[in-house]
2 protein chains.
Amino acid sequence: MGFQESFKALSDPTRREILNLLRAGPLSAGELLEHFSITGASLSHHLSTLKYAGLIDDEKKGKYIFYTLNTTVLDDILNWMMSLKGTEKGESDHEKP
Amino acid sequence: MGFQESFKALSDPTRREILNLLRAGPLSAGELLEHFSITGASLSHHLSTLKYAGLIDDEKKGKYIFYTLNTTVLDDILNWMMSLKGTEKGESDHEKP
DNA sequence: ATATTATTTAGATAATTTTCTAAATATCTA
DNA sequence: TAGATATTTAGAAAATTATCTAAATAATAT
């Protein structure tokens with residue numbers, strides 16, 4: 001999984017809102033659906049995009065599938081962005097090199 | 001400019017490479033073009049996408065237009081991602097709350 | 001076993017994006 | 001002024017994406 005899929009996944013507002021909702025803890029597809037006015041099929045596509053990008057995990061519990069945030073990819077993106085800014089991983093903002 | 005445009009801009013590998021190249025300092029469109037095998041027109045579109053997203057600035061100097069990295073939007077994205085991770089702005093990774 | 005509920009998959013359409021070639025604009029130089 | 005160079009804009013074709021409805025799969029409940 002590269003940045004390609006991650007950024008593409010993050011570029012949709014519905015998907016970003018899904019991630020926001022998952023901050024509080026795992027939610028099923030149906031619980032997520034209540035927060036949007038799209039069909040279950042559309043939500044399912046968004047979830048599979050997020051999963052393909054590595055941004056969420058899913059776990060089947062009986063009739064439901066619960067989705068959780070996976071922050072591993074976010075960390076990779078954070079590091080890439082910090083290196084773009086020229087800031088090393090542990091470096092403070094206040095140094096004058 | 002919202003996250004929409006920024007993430008969309010970042011989702012293309014050519015555009016991410018442009019940002020990487022600009023880390024070292026300003027470059028003209030022509031100088032950037034040498035690093036890719038696309039037409040000038042395509043590059044120009046990528047540059048306008050990056051500019052619209054607020055990720056680069058441009059400055060005309062005579063015959064040339066020089067592009068520079070603008071890290072303001074990157075900071076906003078970094079903050080959003082850190083809040084997704086549940087990490088406050090100045091907070092260390094090592095605390096156990 | 002049948003019906004109900006939760007979710008995904010298939011297939012279609014409309015909108016967006018990437019890229020190209022060709023033409024336009026702006027600046028410099030001879 | 002005419003020609004060359006740097007870059008953008010216009011217009012079109014091909015690929016990708018978001019969304020929908022309808023159908024399929026899987027699990028639970030009666």
# chains A, B, ... in the order shown; residues from 1 in each chain; ligands from 1
>>> closest_atom_pairs(of="chain A", to="chain D", cutoff="10 Å", atoms="only C-alpha atoms (C1' of nucleotides)", output="CSV")
residue,atom,partner,partner_atom,distance
A:Asp12,CA,D:DA18,C1',9.8
A:Ile38,CA,D:DT19,C1',8.3
A:Thr39,CA,D:DC20,C1',8.0
A:Ala41,CA,D:DC20,C1',8.6
A:Ser42,CA,D:DT19,C1',6.5
A:Leu43,CA,D:DT19,C1',10.0
A:His45,CA,D:DA18,C1',9.1
A:His46,CA,D:DA18,C1',9.2
A:Lys61,CA,D:DA27,C1',9.8
A:Gly62,CA,D:DA27,C1',6.2
A:Lys63,CA,D:DA27,C1',5.0
A:Tyr64,CA,D:DA27,C1',8.7
>>> closest_atom_pairs(of="chain C", to="chain A", cutoff="12 Å", atoms="only C-alpha atoms (C1' of nucleotides)", output="Markdown table")
| residue | atom | partner | partner_atom | distance |
| --- | --- | --- | --- | --- |
| C:DT4 | C1' | A:Lys63 | CA | 11.8 |
| C:DT5 | C1' | A:Lys63 | CA | 8.2 |
| C:DA6 | C1' | A:Lys63 | CA | 6.1 |
| C:DT7 | C1' | A:Ala29 | CA | 7.5 |
| C:DT8 | C1' | A:Ser44 | CA | 6.9 |
| C:DT9 | C1' | A:Ala41 | CA | 8.9 |
| C:DA10 | C1' | A:Ala41 | CA | 11.1 |
>>> write_last_selection(atoms="C-alpha atoms (C1' of nucleotides)", output="tab-separated table (two decimals), in the first residue's frame")
chain	number	residue	atom	x	y	z
C	4	DT	C1'	-35.65	-10.67	8.60
C	5	DT	C1'	-31.60	-7.96	9.16
C	6	DA	C1'	-26.75	-6.46	7.94
C	7	DT	C1'	-23.68	-5.88	4.55
C	8	DT	C1'	-21.47	-6.56	0.09
C	9	DT	C1'	-21.27	-7.23	-4.95
C	10	DA	C1'	-22.83	-6.34	-9.81
>>> interface_residues(of="chain A", to="chain B", cutoff="7 Å", atoms="only C-alpha atoms", output="PyMOL selection string")
chain A and resi 4+7-8+10-13+20+23+71+74+78+81+84-85
>>> write_last_selection(atoms="N, CA and C atoms", output="mmCIF file, in the first residue's frame")
data_model
loop_
_atom_site.group_PDB
_atom_site.id
_atom_site.type_symbol
_atom_site.label_atom_id
_atom_site.label_comp_id
_atom_site.auth_asym_id
_atom_site.auth_seq_id
_atom_site.Cartn_x
_atom_site.Cartn_y
_atom_site.Cartn_z
ATOM 1 N N GLN A 4 -0.306 6.690 -2.726
ATOM 2 C CA GLN A 4 -1.325 6.833 -3.767
ATOM 3 C C GLN A 4 -2.722 6.559 -3.219
ATOM 4 N N PHE A 7 -3.813 8.804 0.038
ATOM 5 C CA PHE A 7 -4.257 10.168 -0.236
ATOM 6 C C PHE A 7 -5.567 10.169 -1.014
ATOM 7 N N LYS A 8 -5.696 9.231 -1.928
ATOM 8 C CA LYS A 8 -6.942 9.144 -2.680
ATOM 9 C C LYS A 8 -8.091 8.868 -1.700
ATOM 10 N N LEU A 10 -8.215 9.614 1.409
ATOM 11 C CA LEU A 10 -8.430 10.773 2.290
ATOM 12 C C LEU A 10 -9.037 11.960 1.555
ATOM 13 N N SER A 11 -9.076 11.899 0.240
ATOM 14 C CA SER A 11 -9.534 13.062 -0.521
ATOM 15 C C SER A 11 -11.059 13.164 -0.596
ATOM 16 N N ASP A 12 -11.766 12.212 -0.014
ATOM 17 C CA ASP A 12 -13.230 12.274 -0.038
ATOM 18 C C ASP A 12 -13.778 12.653 1.340
ATOM 19 N N PRO A 13 -14.685 13.642 1.400
ATOM 20 C CA PRO A 13 -15.177 14.137 2.683
ATOM 21 C C PRO A 13 -15.957 13.083 3.486
ATOM 22 N N ASN A 20 -13.141 10.245 11.312
ATOM 23 C CA ASN A 20 -13.451 11.054 12.497
ATOM 24 C C ASN A 20 -14.369 10.300 13.448
ATOM 25 N N ARG A 23 -12.745 7.626 15.525
ATOM 26 C CA ARG A 23 -11.849 8.052 16.607
ATOM 27 C C ARG A 23 -12.371 7.590 17.964
ATOM 28 N N THR A 71 -4.000 3.501 12.578
ATOM 29 C CA THR A 71 -3.216 4.742 12.432
ATOM 30 C C THR A 71 -1.817 4.520 11.863
ATOM 31 N N LEU A 74 -1.368 6.512 8.732
ATOM 32 C CA LEU A 74 -1.315 7.933 9.104
ATOM 33 C C LEU A 74 0.086 8.316 9.576
ATOM 34 N N LEU A 78 2.385 11.153 8.024
ATOM 35 C CA LEU A 78 2.920 12.207 8.894
ATOM 36 C C LEU A 78 4.425 12.348 8.705
ATOM 37 N N MET A 81 5.257 13.948 5.362
ATOM 38 C CA MET A 81 4.973 15.383 5.362
ATOM 39 C C MET A 81 5.993 16.159 6.183
ATOM 40 N N LEU A 84 8.978 16.551 4.121
ATOM 41 C CA LEU A 84 8.750 17.611 3.127
ATOM 42 C C LEU A 84 9.030 18.977 3.730
ATOM 43 N N LYS A 85 8.579 19.150 4.948
ATOM 44 C CA LYS A 85 8.791 20.424 5.642
ATOM 45 C C LYS A 85 10.243 20.609 6.046
#
>>> select_by_dssp(residues="chain B", states="alpha helix (DSSP H)", output="VMD selection string")
chain B and resid 3 to 10 13 to 22 29 to 33 40 to 52 72 to 84
>>> write_last_selection(atoms="C-alpha atoms", output="PDB file, in the first residue's frame")
ATOM      1  CA  PHE B   3      -8.670  19.402   2.779  1.00  0.00           C
ATOM      2  CA  GLN B   4     -10.577  18.244  -0.276  1.00  0.00           C
ATOM      3  CA  GLU B   5      -8.268  20.014  -2.719  1.00  0.00           C
ATOM      4  CA  SER B   6      -5.141  19.323  -0.692  1.00  0.00           C
ATOM      5  CA  PHE B   7      -5.580  15.570  -0.485  1.00  0.00           C
ATOM      6  CA  LYS B   8      -6.677  15.402  -4.091  1.00  0.00           C
ATOM      7  CA  ALA B   9      -3.526  17.302  -5.054  1.00  0.00           C
ATOM      8  CA  LEU B  10      -1.370  14.996  -2.935  1.00  0.00           C
ATOM      9  CA  PRO B  13       2.641  10.760  -7.738  1.00  0.00           C
ATOM     10  CA  THR B  14       3.856  13.395 -10.196  1.00  0.00           C
ATOM     11  CA  ARG B  15       2.590  16.131  -7.909  1.00  0.00           C
ATOM     12  CA  ARG B  16       4.164  14.547  -4.832  1.00  0.00           C
ATOM     13  CA  GLU B  17       7.463  14.370  -6.704  1.00  0.00           C
ATOM     14  CA  ILE B  18       7.147  18.038  -7.626  1.00  0.00           C
ATOM     15  CA  LEU B  19       6.822  18.874  -3.933  1.00  0.00           C
ATOM     16  CA  ASN B  20       9.852  16.712  -3.168  1.00  0.00           C
ATOM     17  CA  LEU B  21      11.909  18.528  -5.790  1.00  0.00           C
ATOM     18  CA  LEU B  22      10.864  21.897  -4.390  1.00  0.00           C
ATOM     19  CA  ALA B  29       8.446  25.012 -14.716  1.00  0.00           C
ATOM     20  CA  GLY B  30      11.109  24.115 -17.258  1.00  0.00           C
ATOM     21  CA  GLU B  31      13.535  22.895 -14.616  1.00  0.00           C
ATOM     22  CA  LEU B  32      10.789  20.783 -13.081  1.00  0.00           C
ATOM     23  CA  LEU B  33       9.875  19.445 -16.507  1.00  0.00           C
ATOM     24  CA  GLY B  40       4.713  20.955 -20.524  1.00  0.00           C
ATOM     25  CA  ALA B  41       0.951  21.282 -20.716  1.00  0.00           C
ATOM     26  CA  SER B  42       0.448  18.361 -18.348  1.00  0.00           C
ATOM     27  CA  LEU B  43       3.021  19.717 -15.942  1.00  0.00           C
ATOM     28  CA  SER B  44       1.303  23.074 -16.075  1.00  0.00           C
ATOM     29  CA  HIS B  45      -1.984  21.456 -15.053  1.00  0.00           C
ATOM     30  CA  HIS B  46      -0.301  19.695 -12.144  1.00  0.00           C
ATOM     31  CA  LEU B  47       1.236  22.960 -11.031  1.00  0.00           C
ATOM     32  CA  SER B  48      -2.096  24.723 -11.142  1.00  0.00           C
ATOM     33  CA  THR B  49      -3.652  21.912  -9.094  1.00  0.00           C
ATOM     34  CA  LEU B  50      -0.927  22.276  -6.477  1.00  0.00           C
ATOM     35  CA  LYS B  51      -1.328  26.029  -6.469  1.00  0.00           C
ATOM     36  CA  TYR B  52      -5.102  25.828  -6.124  1.00  0.00           C
ATOM     37  CA  THR B  72       1.071  26.220   5.592  1.00  0.00           C
ATOM     38  CA  VAL B  73      -1.453  23.723   4.276  1.00  0.00           C
ATOM     39  CA  LEU B  74       0.835  20.839   5.204  1.00  0.00           C
ATOM     40  CA  ASP B  75       0.725  22.100   8.784  1.00  0.00           C
ATOM     41  CA  ASP B  76      -3.066  22.093   8.748  1.00  0.00           C
ATOM     42  CA  ILE B  77      -3.120  18.538   7.439  1.00  0.00           C
ATOM     43  CA  LEU B  78      -0.535  17.464  10.001  1.00  0.00           C
ATOM     44  CA  ASN B  79      -2.706  18.872  12.783  1.00  0.00           C
ATOM     45  CA  TRP B  80      -5.804  17.169  11.448  1.00  0.00           C
ATOM     46  CA  MET B  81      -4.004  13.847  11.266  1.00  0.00           C
ATOM     47  CA  MET B  82      -2.600  14.182  14.732  1.00  0.00           C
ATOM     48  CA  SER B  83      -6.050  14.912  16.088  1.00  0.00           C
ATOM     49  CA  LEU B  84      -7.302  11.782  14.290  1.00  0.00           C
TER      50      LEU B  84
END
>>> select_by_dssp(residues="region 10-76 of chain A", states="strand (DSSP E or B)", output="list of chain:residue names")
A:Leu27, A:Ser28, A:Ile56, A:Asp57, A:Asp58, A:Glu59, A:Lys60, A:Lys61, A:Tyr64, A:Ile65, A:Phe66, A:Tyr67, A:Thr68, A:Leu69
>>> atom_distance(atom1="CA of Tyr67 (chain B)", atom2="C1' of DC28 (chain C)")
20.3 Å
>>> atom_distance(atom1="C1' of DA14 (chain C)", atom2="CA of Ser37 (chain A)")
18.8 Å
